[in-house]
>>> print(open('my_file_14.txt').read())   # compact mmCIF, C-alpha atoms and all ligand atoms
# COMPACT_ATOMS: atom_id res chain seq x y z
CA ALA A 1 35.00 -8.86 -24.43
CA GLU A 2 36.00 -5.20 -23.97
CA GLN A 3 32.91 -4.08 -25.89
CA ALA A 4 30.65 -6.37 -23.85
CA LYS A 5 32.11 -4.91 -20.63
CA ASN A 6 31.41 -1.43 -21.89
CA ASP A 7 27.84 -2.30 -22.94
CA HIS A 8 27.23 -3.71 -19.46
CA GLU A 9 28.44 -0.51 -17.79
CA VAL A 10 26.25 1.63 -20.03
CA ALA A 11 23.29 -0.63 -19.26
CA ALA A 12 23.98 -0.48 -15.52
CA ALA A 13 23.94 3.34 -15.53
CA LYS A 14 20.76 3.35 -17.63
CA VAL A 15 19.04 0.91 -15.29
CA ARG A 16 19.94 3.03 -12.26
CA ASP A 17 18.48 6.14 -13.94
CA LEU A 18 15.29 4.37 -14.97
CA VAL A 19 14.74 2.90 -11.50
CA THR A 20 15.20 6.33 -9.89
CA GLN A 21 12.91 7.97 -12.43
CA LEU A 22 10.14 5.41 -12.15
CA ASN A 23 10.21 5.25 -8.36
CA GLY A 24 10.04 9.04 -8.21
CA TRP A 25 7.02 9.12 -10.49
CA ARG A 26 5.45 6.17 -8.66
CA THR A 27 5.70 7.92 -5.30
CA GLN A 28 4.16 11.06 -6.72
CA TYR A 29 1.40 9.16 -8.49
CA TYR A 30 0.43 6.59 -5.89
CA ASP A 31 1.40 8.27 -2.68
CA GLN A 32 0.66 11.89 -3.21
CA ASP A 33 -2.25 11.26 -5.52
CA ALA A 34 -0.64 13.91 -7.69
CA PRO A 35 0.43 12.34 -11.01
CA THR A 36 3.23 14.32 -12.65
CA VAL A 37 3.56 12.17 -15.77
CA GLU A 38 1.09 10.61 -18.21
CA ASP A 39 0.56 6.91 -17.84
CA HIS A 40 1.94 6.20 -21.33
CA VAL A 41 5.24 7.89 -20.45
CA TYR A 42 5.43 5.85 -17.24
CA ASP A 43 4.57 2.66 -19.14
CA GLU A 44 7.14 3.29 -21.90
CA THR A 45 9.90 3.95 -19.35
CA TYR A 46 8.82 0.89 -17.37
CA ARG A 47 9.09 -1.26 -20.50
CA GLN A 48 12.60 0.12 -21.22
CA LEU A 49 13.65 -0.98 -17.74
CA GLN A 50 12.04 -4.41 -18.23
CA ASP A 51 13.94 -4.87 -21.52
CA LEU A 52 17.27 -3.89 -19.96
CA GLU A 53 16.69 -6.16 -16.94
CA ALA A 54 15.81 -9.00 -19.31
CA ALA A 55 19.08 -8.42 -21.21
CA TYR A 56 21.15 -7.99 -18.03
CA PRO A 57 19.42 -9.90 -15.19
CA ASP A 58 22.35 -9.18 -12.86
CA LEU A 59 21.28 -5.50 -12.97
CA ILE A 60 17.91 -6.26 -11.32
CA THR A 61 17.76 -4.72 -7.82
CA PRO A 62 15.07 -5.17 -5.10
CA GLU A 63 14.04 -1.50 -5.33
CA SER A 64 13.35 -1.79 -9.03
CA PRO A 65 9.62 -1.18 -9.64
CA THR A 66 9.60 -4.41 -11.66
CA GLN A 67 10.13 -6.20 -8.33
CA ALA A 68 7.25 -4.43 -6.54
CA VAL A 69 5.20 -6.92 -4.53
CA GLY A 70 1.55 -7.05 -5.57
CA GLY A 71 0.10 -5.66 -8.77
CA THR A 72 2.12 -4.21 -11.62
CA PRO A 73 3.07 -0.66 -10.65
CA SER A 74 2.21 0.78 -14.03
CA GLY A 75 -1.25 1.44 -15.42
CA ASP A 76 -4.49 2.04 -13.53
CA LEU A 77 -6.89 0.34 -11.20
CA PRO A 78 -9.71 -1.49 -13.02
CA LYS A 79 -12.73 0.70 -13.78
CA VAL A 80 -16.14 0.32 -12.13
CA PRO A 81 -19.36 1.83 -13.54
CA HIS A 82 -21.76 3.54 -11.13
CA PRO A 83 -25.30 2.86 -12.47
CA ILE A 84 -26.51 5.38 -9.90
CA PRO A 85 -23.97 8.20 -10.31
CA MET A 86 -21.94 9.26 -7.28
CA LEU A 87 -22.82 12.94 -7.43
CA SER A 88 -20.98 15.74 -5.70
CA MET A 89 -22.89 18.38 -3.80
CA GLY A 90 -23.71 22.05 -4.10
CA ASP A 91 -22.26 24.25 -1.41
CA VAL A 92 -22.96 27.46 0.48
CA PHE A 93 -20.59 29.57 2.55
CA SER A 94 -22.83 31.41 4.96
CA LEU A 95 -25.91 30.91 7.08
CA THR A 96 -27.72 33.42 4.89
CA GLU A 97 -27.03 31.36 1.79
CA LEU A 98 -28.05 28.23 3.66
CA LYS A 99 -31.32 29.90 4.68
CA ASP A 100 -31.94 30.97 1.06
CA TRP A 101 -31.35 27.40 -0.09
CA ALA A 102 -33.80 26.00 2.48
CA GLN A 103 -36.44 28.64 1.76
CA ARG A 104 -36.25 28.07 -2.00
CA LEU A 105 -36.56 24.36 -1.43
CA GLU A 106 -39.50 24.73 0.99
CA ALA A 107 -41.31 27.07 -1.38
CA GLY A 108 -41.79 24.11 -3.70
CA VAL A 109 -43.08 21.77 -0.97
CA ASP A 110 -46.47 21.93 0.70
CA THR A 111 -45.45 20.13 3.92
CA PRO A 112 -43.01 21.18 6.67
CA VAL A 113 -39.47 19.99 5.83
CA ALA A 114 -37.20 18.34 8.41
CA TYR A 115 -33.49 18.09 7.74
CA ASN A 116 -30.84 15.58 8.72
CA VAL A 117 -27.63 17.43 9.57
CA GLU A 118 -24.28 15.65 9.35
CA LEU A 119 -20.56 16.41 9.34
CA LYS A 120 -18.82 16.71 5.98
CA ILE A 121 -15.85 14.36 6.31
CA ASP A 122 -12.64 15.42 4.60
CA GLY A 123 -11.77 12.24 2.74
CA LEU A 124 -12.77 10.60 -0.55
CA SER A 125 -16.07 9.03 -1.57
CA LEU A 126 -16.37 5.26 -1.32
CA SER A 127 -18.98 2.80 -2.54
CA LEU A 128 -19.33 -0.66 -0.95
CA VAL A 129 -21.42 -3.37 -2.63
CA TYR A 130 -22.57 -6.52 -0.81
CA GLU A 131 -24.20 -9.64 -2.29
CA GLN A 132 -25.97 -11.99 0.11
CA GLY A 133 -24.31 -10.05 2.90
CA ARG A 134 -20.77 -10.51 1.58
CA LEU A 135 -18.55 -7.63 0.44
CA VAL A 136 -18.06 -8.04 -3.32
CA GLN A 137 -16.85 -4.63 -4.44
CA GLY A 138 -15.34 -1.41 -3.17
CA SER A 139 -14.94 1.53 -5.55
CA THR A 140 -14.04 5.19 -5.63
CA ARG A 141 -16.19 7.95 -7.10
CA GLY A 142 -13.91 8.60 -10.09
CA ASN A 143 -15.82 11.01 -12.32
CA GLY A 144 -19.12 10.08 -10.71
CA ARG A 145 -20.12 7.57 -13.40
CA ILE A 146 -16.92 5.53 -13.67
CA GLY A 147 -14.89 4.88 -10.54
CA GLU A 148 -11.91 2.64 -9.68
CA ASP A 149 -12.05 -0.83 -8.22
CA VAL A 150 -10.43 -0.77 -4.77
CA THR A 151 -12.03 -3.98 -3.46
CA ALA A 152 -8.79 -5.63 -2.29
CA ASN A 153 -7.81 -2.39 -0.59
CA VAL A 154 -11.07 -1.79 1.29
CA ARG A 155 -10.86 -5.36 2.65
CA THR A 156 -7.85 -4.14 4.65
CA ILE A 157 -9.84 -1.31 6.32
CA ALA A 158 -10.90 -2.41 9.82
CA SER A 159 -14.18 -0.43 9.81
CA VAL A 160 -15.38 -2.01 6.53
CA PRO A 161 -17.47 -5.14 7.31
CA GLN A 162 -16.46 -8.15 5.19
CA THR A 163 -19.87 -9.71 5.88
CA LEU A 164 -23.16 -8.33 7.18
CA PRO A 165 -25.34 -9.87 9.92
CA GLU A 166 -28.04 -10.41 7.26
CA PRO A 167 -27.61 -11.85 3.72
CA LEU A 168 -28.53 -8.57 2.02
CA ASP A 169 -27.85 -7.39 -1.50
CA ILE A 170 -27.05 -3.75 -0.78
CA GLU A 171 -24.85 -0.83 -1.80
CA VAL A 172 -23.82 1.80 0.73
CA ARG A 173 -21.77 4.93 0.13
CA GLY A 174 -19.72 7.09 2.38
CA GLU A 175 -16.31 8.59 2.95
CA CYS A 176 -12.93 6.93 3.37
CA TYR A 177 -10.61 9.08 5.48
CA MET A 178 -7.28 9.00 7.29
CA PRO A 179 -7.53 9.99 10.98
CA LYS A 180 -5.42 13.02 11.92
CA ALA A 181 -3.13 10.94 14.17
CA ALA A 182 -2.46 8.39 11.42
CA PHE A 183 -1.71 11.24 9.03
CA ALA A 184 0.84 12.77 11.43
CA THR A 185 2.53 9.39 12.02
CA LEU A 186 2.66 8.60 8.31
CA ASN A 187 4.22 11.95 7.40
CA ALA A 188 6.76 11.67 10.21
CA GLN A 189 7.77 8.26 8.86
CA ARG A 190 8.02 9.59 5.32
CA GLU A 191 10.18 12.48 6.51
CA ALA A 192 12.46 9.94 8.21
CA ASP A 193 12.57 7.87 4.99
CA GLY A 194 13.30 10.91 2.87
CA ALA A 195 10.03 10.30 1.01
CA PRO A 196 7.76 13.24 0.07
CA THR A 197 5.10 13.99 2.68
CA PHE A 198 1.37 14.28 2.01
CA ALA A 199 -0.15 17.76 1.83
CA ASN A 200 -3.22 16.86 3.91
CA PRO A 201 -5.20 13.86 5.25
CA ARG A 202 -7.50 13.85 2.22
CA ASN A 203 -4.58 13.40 -0.22
CA ALA A 204 -3.07 10.82 2.11
CA ALA A 205 -6.35 8.88 2.17
CA ALA A 206 -6.72 9.08 -1.62
CA GLY A 207 -3.11 8.00 -2.21
CA SER A 208 -3.51 5.17 0.30
CA LEU A 209 -6.88 3.89 -0.98
CA ARG A 210 -6.01 4.12 -4.70
CA GLN A 211 -3.09 1.72 -4.32
CA LEU A 212 -2.39 -1.19 -6.65
CA ASP A 213 -0.70 -2.96 -3.76
CA SER A 214 -3.23 -3.55 -0.97
CA LYS A 215 -0.40 -4.22 1.49
CA VAL A 216 0.38 -0.51 1.32
CA THR A 217 -3.28 0.34 1.96
CA ALA A 218 -3.28 -2.08 4.91
CA SER A 219 -0.45 -0.13 6.53
CA ARG A 220 -2.19 3.26 6.33
CA GLN A 221 -4.87 3.01 9.11
CA LEU A 222 -7.71 4.24 6.89
CA ASP A 223 -11.21 4.57 8.35
CA THR A 224 -14.73 5.18 7.02
CA PHE A 225 -18.04 6.89 7.76
CA MET A 226 -20.92 5.58 5.64
CA TYR A 227 -23.85 7.92 5.01
CA THR A 228 -25.99 6.71 2.11
CA VAL A 229 -28.06 3.58 1.50
CA ILE A 230 -28.82 3.05 -2.21
CA ASP A 231 -32.52 2.23 -2.83
CA PRO A 232 -33.35 2.58 0.88
CA GLU A 233 -37.06 1.91 0.22
CA ARG A 234 -36.06 -1.72 -0.43
CA PHE A 235 -35.28 -1.98 3.29
CA GLY A 236 -38.33 -0.07 4.52
CA ILE A 237 -36.27 3.00 5.38
CA ALA A 238 -38.22 6.29 5.16
CA THR A 239 -35.72 8.92 6.36
CA GLN A 240 -32.00 9.67 6.18
CA HIS A 241 -31.81 9.49 9.97
CA GLU A 242 -33.24 5.94 9.85
CA ALA A 243 -30.77 5.07 7.06
CA LEU A 244 -27.84 5.97 9.34
CA ALA A 245 -29.26 3.82 12.17
CA PHE A 246 -29.87 0.97 9.69
CA MET A 247 -26.24 1.08 8.50
CA ALA A 248 -24.97 1.21 12.08
CA ARG A 249 -27.03 -1.91 12.88
CA LEU A 250 -25.39 -3.67 9.90
CA GLY A 251 -21.97 -2.93 11.34
CA PHE A 252 -20.95 0.08 9.28
CA ALA A 253 -19.18 3.04 10.84
CA THR A 254 -21.56 5.99 10.89
CA ASN A 255 -20.89 9.43 12.30
CA PRO A 256 -22.47 9.77 15.77
CA THR A 257 -23.15 13.52 15.57
CA ALA A 258 -26.04 13.51 13.07
CA ILE A 259 -29.24 15.24 14.21
CA VAL A 260 -32.72 15.85 12.80
CA ALA A 261 -33.44 19.60 12.62
CA GLU A 262 -36.96 20.99 12.15
CA ASP A 263 -35.76 24.58 11.69
CA LEU A 264 -32.79 26.68 10.74
CA ASN A 265 -31.97 27.74 14.32
CA THR A 266 -31.31 24.12 15.26
CA ILE A 267 -29.02 23.82 12.24
CA ASP A 268 -27.28 27.03 13.25
CA ASP A 269 -26.71 25.67 16.78
CA TYR A 270 -25.29 22.45 15.31
CA ILE A 271 -22.92 24.39 13.06
CA THR A 272 -21.74 26.51 15.99
CA ALA A 273 -21.18 23.44 18.20
CA GLN A 274 -19.38 21.43 15.50
CA THR A 275 -17.20 24.38 14.50
CA ALA A 276 -16.13 24.67 18.15
CA ASP A 277 -15.39 20.93 18.28
CA ARG A 278 -13.62 20.82 14.91
CA ASP A 279 -10.01 20.85 16.13
CA SER A 280 -10.72 18.23 18.78
CA LEU A 281 -12.20 15.73 16.29
CA ALA A 282 -10.02 12.71 15.44
CA TYR A 283 -10.71 13.28 11.74
CA GLY A 284 -10.84 16.21 9.35
CA ILE A 285 -14.12 17.87 8.41
CA ASP A 286 -14.60 20.68 5.91
CA GLY A 287 -18.23 21.56 6.58
CA ILE A 288 -21.69 20.43 7.46
CA VAL A 289 -24.11 18.54 5.19
CA VAL A 290 -27.80 19.50 5.41
CA LYS A 291 -30.14 16.96 3.83
CA VAL A 292 -33.88 16.71 3.47
CA ASN A 293 -34.60 13.94 5.99
CA ASP A 294 -37.63 12.40 4.23
CA LEU A 295 -36.32 10.07 1.51
CA ALA A 296 -39.50 10.16 -0.60
CA LEU A 297 -39.24 13.95 -0.64
CA GLN A 298 -35.56 13.65 -1.68
CA GLU A 299 -36.73 11.54 -4.64
CA GLU A 300 -39.41 14.08 -5.48
CA LEU A 301 -36.92 16.96 -5.43
CA GLY A 302 -34.43 14.92 -7.44
CA ASN A 303 -31.11 16.13 -8.76
CA THR A 304 -29.97 18.87 -11.10
CA VAL A 305 -27.53 17.79 -13.81
CA LYS A 306 -24.69 17.88 -11.32
CA VAL A 307 -25.98 17.91 -7.78
CA PRO A 308 -29.00 16.87 -5.71
CA ARG A 309 -31.59 19.52 -4.91
CA TRP A 310 -32.22 17.96 -1.52
CA GLU A 311 -28.82 18.36 0.12
CA ILE A 312 -26.30 21.16 0.45
CA ALA A 313 -22.84 21.50 1.99
CA TYR A 314 -22.26 24.42 4.29
CA LYS A 315 -18.48 24.88 3.91
CA PHE A 316 -16.32 26.22 6.72
CA PRO A 317 -14.13 29.20 5.83
CA ALA A 318 -10.74 27.91 4.63
CA GLU A 319 -8.51 27.30 7.63
CA ILE A 320 -5.61 29.71 8.07
CA ALA A 321 -2.51 27.58 7.47
CA LYS A 322 -1.17 26.62 10.86
CA THR A 323 2.55 27.35 11.15
N1 LIG A 401 -22.66 13.14 5.69
C1 LIG A 401 -22.58 13.19 4.36
O1 LIG A 401 -23.53 13.00 3.63
C2 LIG A 401 -21.27 13.50 3.75
C3 LIG A 401 -20.15 13.57 4.57
N2 LIG A 401 -18.93 13.85 4.06
C4 LIG A 401 -18.75 14.06 2.74
N3 LIG A 401 -17.51 14.36 2.30
C5 LIG A 401 -19.85 13.99 1.85
C6 LIG A 401 -19.83 14.15 0.44
C7 LIG A 401 -21.05 14.00 -0.10
BR1 LIG A 401 -21.46 14.11 -1.96
S1 LIG A 401 -22.24 13.63 1.08
C8 LIG A 401 -21.09 13.71 2.37
>>> encode(input="my_file_14.txt", output="structure tokens")
Amino acid sequence: AEQAKNDHEVAAAKVRDLVTQLNGWRTQYYDQDAPTVEDHVYDETYRQLQDLEAAYPDLITPESPTQAVGGTPSGDLPKVPHPIPMLSMGDVFSLTELKDWAQRLEAGVDTPVAYNVELKIDGLSLSLVYEQGRLVQGSTRGNGRIGEDVTANVRTIASVPQTLPEPLDIEVRGECYMPKAAFATLNAQREADGAPTFANPRNAAAGSLRQLDSKVTASRQLDTFMYTVIDPERFGIATQHEALAFMARLGFATNPTAIVAEDLNTIDDYITAQTADRDSLAYGIDGIVVKVNDLALQEELGNTVKVPRWEIAYKFPAEIAKT
């Protein structure tokens, strides 16, 4: 009996340590989108806790990760292949570089080129797939070819339509972001709870979208701006500007500031205006996206190994950290 009592005490201390360790890692992994430990280490430790809790059920506490509501806290989200890769984008850091990019591009084209100019939202890429007008899959970019399935999570985002007004088979892509106000509220709450805060809205959005427990995602006030229709020619769409209007008509959130620019001066004016507005926007932006407006011409220009030739990101200078 004495030995059994002693074993129980040792087990109790071990369980407390494991719960603290796992919850610490879990917060870092899922909330800050900054994993500090390999999955196999997490999984091994998780199994140790499961074994101890099986041997001593009275040691199970509500905050134990084995009691987490929703999916198992260990491991990853299911993987999703992207037949059409979710590419990133080249970037430039000055108007001169932007002009060089446009001139090089236009040198290879024998017609005048119009551009669609849009804000570069500071969030994470999101793909939404609909079958017969019903949302069937939401996924992240991942490495561009293999992303993560976040379908249950995107269903909790108010701006993501569960069904479309027409029974279309369609994929759209865009950005999932956390509005600045939601970010401030979330971090204030985490401070109050003694939980680590998020470094910026992009990390907060990534940590909130890439959750295994969609109830957590539901509480994070995520939002979206969609900006790409896959295979737009299927819907009789000829330009990027039309694609945005088409998505808006289907009920997607699209950014209202996009313009068509026939020349660089118009783009320059847009950049100046949006830079002035930046702090007053309800969401973070980290630049401007300049795209060839004509979709057939985009196809013709194609992509390099890593990035499209037909779009470029003009990045704002890094913001001086606000005290
Ligand atoms: N408007 C757009 O096309 C746009 C906005 N925000 C972003 N973070 C990105 C990223 C790529 Br890749 S495109 C794009």
>>> closest_residue(input="my_file_14.txt", among="A:Arg173, A:Arg309, A:His40, A:Lys99", to="ligand LIG 401 (chain A)", atoms="all atoms listed in the file")
A:Arg173
>>> closest_atom_pairs(input="my_file_14.txt", of="chain A", to="ligand LIG 401 (chain A)", cutoff="8 Å", atoms="all atoms listed in the file", output="Markdown table")
| residue | atom | partner | partner_atom | distance |
| --- | --- | --- | --- | --- |
| A:Met86 | CA | A:LIG401 | BR1 | 7.2 |
| A:Leu87 | CA | A:LIG401 | BR1 | 5.8 |
| A:Ser88 | CA | A:LIG401 | BR1 | 4.1 |
| A:Met89 | CA | A:LIG401 | BR1 | 4.9 |
| A:Val117 | CA | A:LIG401 | N1 | 7.6 |
| A:Glu118 | CA | A:LIG401 | N1 | 4.7 |
| A:Leu119 | CA | A:LIG401 | N1 | 5.3 |
| A:Lys120 | CA | A:LIG401 | N2 | 3.4 |
| A:Ile121 | CA | A:LIG401 | N2 | 3.8 |
| A:Asp122 | CA | A:LIG401 | N3 | 5.5 |
| A:Gly123 | CA | A:LIG401 | N3 | 6.1 |
| A:Leu124 | CA | A:LIG401 | N3 | 6.7 |
| A:Ser125 | CA | A:LIG401 | C6 | 6.7 |
| A:Gly174 | CA | A:LIG401 | C2 | 6.7 |
| A:Glu175 | CA | A:LIG401 | N3 | 5.9 |
| A:Phe225 | CA | A:LIG401 | C3 | 7.7 |
| A:Met226 | CA | A:LIG401 | N1 | 7.8 |
| A:Tyr227 | CA | A:LIG401 | O1 | 5.3 |
| A:Thr228 | CA | A:LIG401 | O1 | 6.9 |
| A:Asn255 | CA | A:LIG401 | N1 | 7.8 |
| A:Ile285 | CA | A:LIG401 | N2 | 7.6 |
| A:Asp286 | CA | A:LIG401 | N3 | 7.8 |
| A:Ile288 | CA | A:LIG401 | N1 | 7.6 |
| A:Val289 | CA | A:LIG401 | N1 | 5.6 |
| A:Val290 | CA | A:LIG401 | O1 | 8.0 |
| A:Lys291 | CA | A:LIG401 | O1 | 7.7 |
| A:Ala313 | CA | A:LIG401 | S1 | 7.9 |
>>> residues_near_point(input="my_file_14.txt", point="(-25.9, -9.7, -1.1)", cutoff="12 Å", atoms="all atoms listed in the file", output="compact mmCIF listing (two decimals) with C-alpha atoms, in the frame of the given file")
# COMPACT_ATOMS: atom_id res chain seq x y z
CA LEU A 128 -19.33 -0.66 -0.95
CA VAL A 129 -21.42 -3.37 -2.63
CA TYR A 130 -22.57 -6.52 -0.81
CA GLU A 131 -24.20 -9.64 -2.29
CA GLN A 132 -25.97 -11.99 0.11
CA GLY A 133 -24.31 -10.05 2.90
CA ARG A 134 -20.77 -10.51 1.58
CA LEU A 135 -18.55 -7.63 0.44
CA VAL A 136 -18.06 -8.04 -3.32
CA GLN A 137 -16.85 -4.63 -4.44
CA GLN A 162 -16.46 -8.15 5.19
CA THR A 163 -19.87 -9.71 5.88
CA LEU A 164 -23.16 -8.33 7.18
CA PRO A 165 -25.34 -9.87 9.92
CA GLU A 166 -28.04 -10.41 7.26
CA PRO A 167 -27.61 -11.85 3.72
CA LEU A 168 -28.53 -8.57 2.02
CA ASP A 169 -27.85 -7.39 -1.50
CA ILE A 170 -27.05 -3.75 -0.78
CA GLU A 171 -24.85 -0.83 -1.80
CA VAL A 172 -23.82 1.80 0.73
>>> atom_distance(input="my_file_14.txt", atom1="CA of Thr254 in chain A", atom2="CA of Thr224 in chain A")
7.9 Å
>>> closest_atom_pairs(input="my_file_14.txt", of="range 184-296 of chain A", to="range 14-28 of chain A", cutoff="10 Å", atoms="only C-alpha atoms", output="Markdown table")
| residue | atom | partner | partner_atom | distance |
| --- | --- | --- | --- | --- |
| A:Ala195 | CA | A:Thr27 | CA | 8.0 |
| A:Pro196 | CA | A:Thr27 | CA | 7.8 |
| A:Thr197 | CA | A:Gln28 | CA | 9.9 |
| A:Phe198 | CA | A:Gln28 | CA | 9.7 |
| A:Gly207 | CA | A:Gln28 | CA | 9.1 |
>>> atom_distance(input="my_file_14.txt", atom1="CA of Ala12 in chain A", atom2="CA of Asp43 in chain A")
20.0 Å
>>> closest_residue(input="my_file_14.txt", among="A:Glu311, A:Glu53, A:Ile320, A:Leu186", to="Asp91 in chain A", atoms="only C-alpha atoms")
A:Glu311
>>> closest_residue(input="my_file_14.txt", among="A:Ala114, A:Ala273, A:Ala204, A:Val37", to="Thr239 in chain A", atoms="only C-alpha atoms")
A:Ala114
>>> closest_residue(input="my_file_14.txt", among="A:Leu98, A:Ala206, A:Leu212, A:Ile230", to="Tyr177 in chain A", atoms="all atoms listed in the file")
A:Ala206
>>> atom_distance(input="my_file_14.txt", atom1="CA of Lys315 in chain A", atom2="CA of Ile271 in chain A")
10.2 Å
>>> closest_residue(input="my_file_14.txt", among="A:Met178, A:Val305, A:Val80, A:Ala199", to="Ala282 in chain A", atoms="all atoms listed in the file")
A:Met178
>>> residues_around(input="my_file_14.txt", residues="Ala245 in chain A", least_positions_apart="2", cutoff="12 Å", atoms="all atoms listed in the file", output="list of chain:residue names")
A:Met226, A:Tyr227, A:Thr228, A:Val229, A:Ile237, A:Ala238, A:Thr239, A:Gln240, A:His241, A:Glu242, A:Ala243, A:Met247, A:Ala248, A:Arg249, A:Leu250, A:Gly251, A:Phe252, A:Ala253, A:Thr254, A:Asn255, A:Pro256, A:Thr257, A:Ala258, A:Ile259
>>> closest_residue(input="my_file_14.txt", among="A:Leu301, A:Thr156, A:Lys180, A:Leu77", to="Asp279 in chain A", atoms="all atoms listed in the file")
A:Lys180
>>> residues_near_point(input="my_file_14.txt", point="(0.9, 3.3, 6.5)", cutoff="12 Å", atoms="all atoms listed in the file", output="PyMOL selection string")
chain A and resi 31+156-157+178-179+181-190+198+204-205+207-209+211+214-222
>>> decode(input="my_file_14.txt", residues="range 218-234 of chain A", atoms="C-alpha atoms", output="PDB file, in the first residue's frame")
ATOM      1  CA  ALA A 218     -14.961  30.686 -34.730  1.00  0.00           C
ATOM      2  CA  SER A 219     -13.975  32.910 -31.816  1.00  0.00           C
ATOM      3  CA  ARG A 220     -11.262  34.812 -33.721  1.00  0.00           C
ATOM      4  CA  GLN A 221     -13.313  37.135 -36.029  1.00  0.00           C
ATOM      5  CA  LEU A 222     -11.359  36.238 -39.171  1.00  0.00           C
ATOM      6  CA  ASP A 223     -12.273  37.874 -42.477  1.00  0.00           C
ATOM      7  CA  THR A 224     -11.399  37.388 -46.160  1.00  0.00           C
ATOM      8  CA  PHE A 225     -10.760  39.217 -49.425  1.00  0.00           C
ATOM      9  CA  MET A 226     -10.946  36.940 -52.475  1.00  0.00           C
ATOM     10  CA  TYR A 227      -8.976  37.979 -55.563  1.00  0.00           C
ATOM     11  CA  THR A 228      -8.569  35.071 -57.980  1.00  0.00           C
ATOM     12  CA  VAL A 229     -11.017  32.946 -59.965  1.00  0.00           C
ATOM     13  CA  ILE A 230      -9.445  29.664 -61.140  1.00  0.00           C
ATOM     14  CA  ASP A 231     -10.155  28.955 -64.848  1.00  0.00           C
ATOM     15  CA  PRO A 232     -12.037  32.254 -65.244  1.00  0.00           C
ATOM     16  CA  GLU A 233     -12.611  31.611 -68.968  1.00  0.00           C
ATOM     17  CA  ARG A 234     -15.116  28.927 -67.895  1.00  0.00           C
TER      18      ARG A 234
END
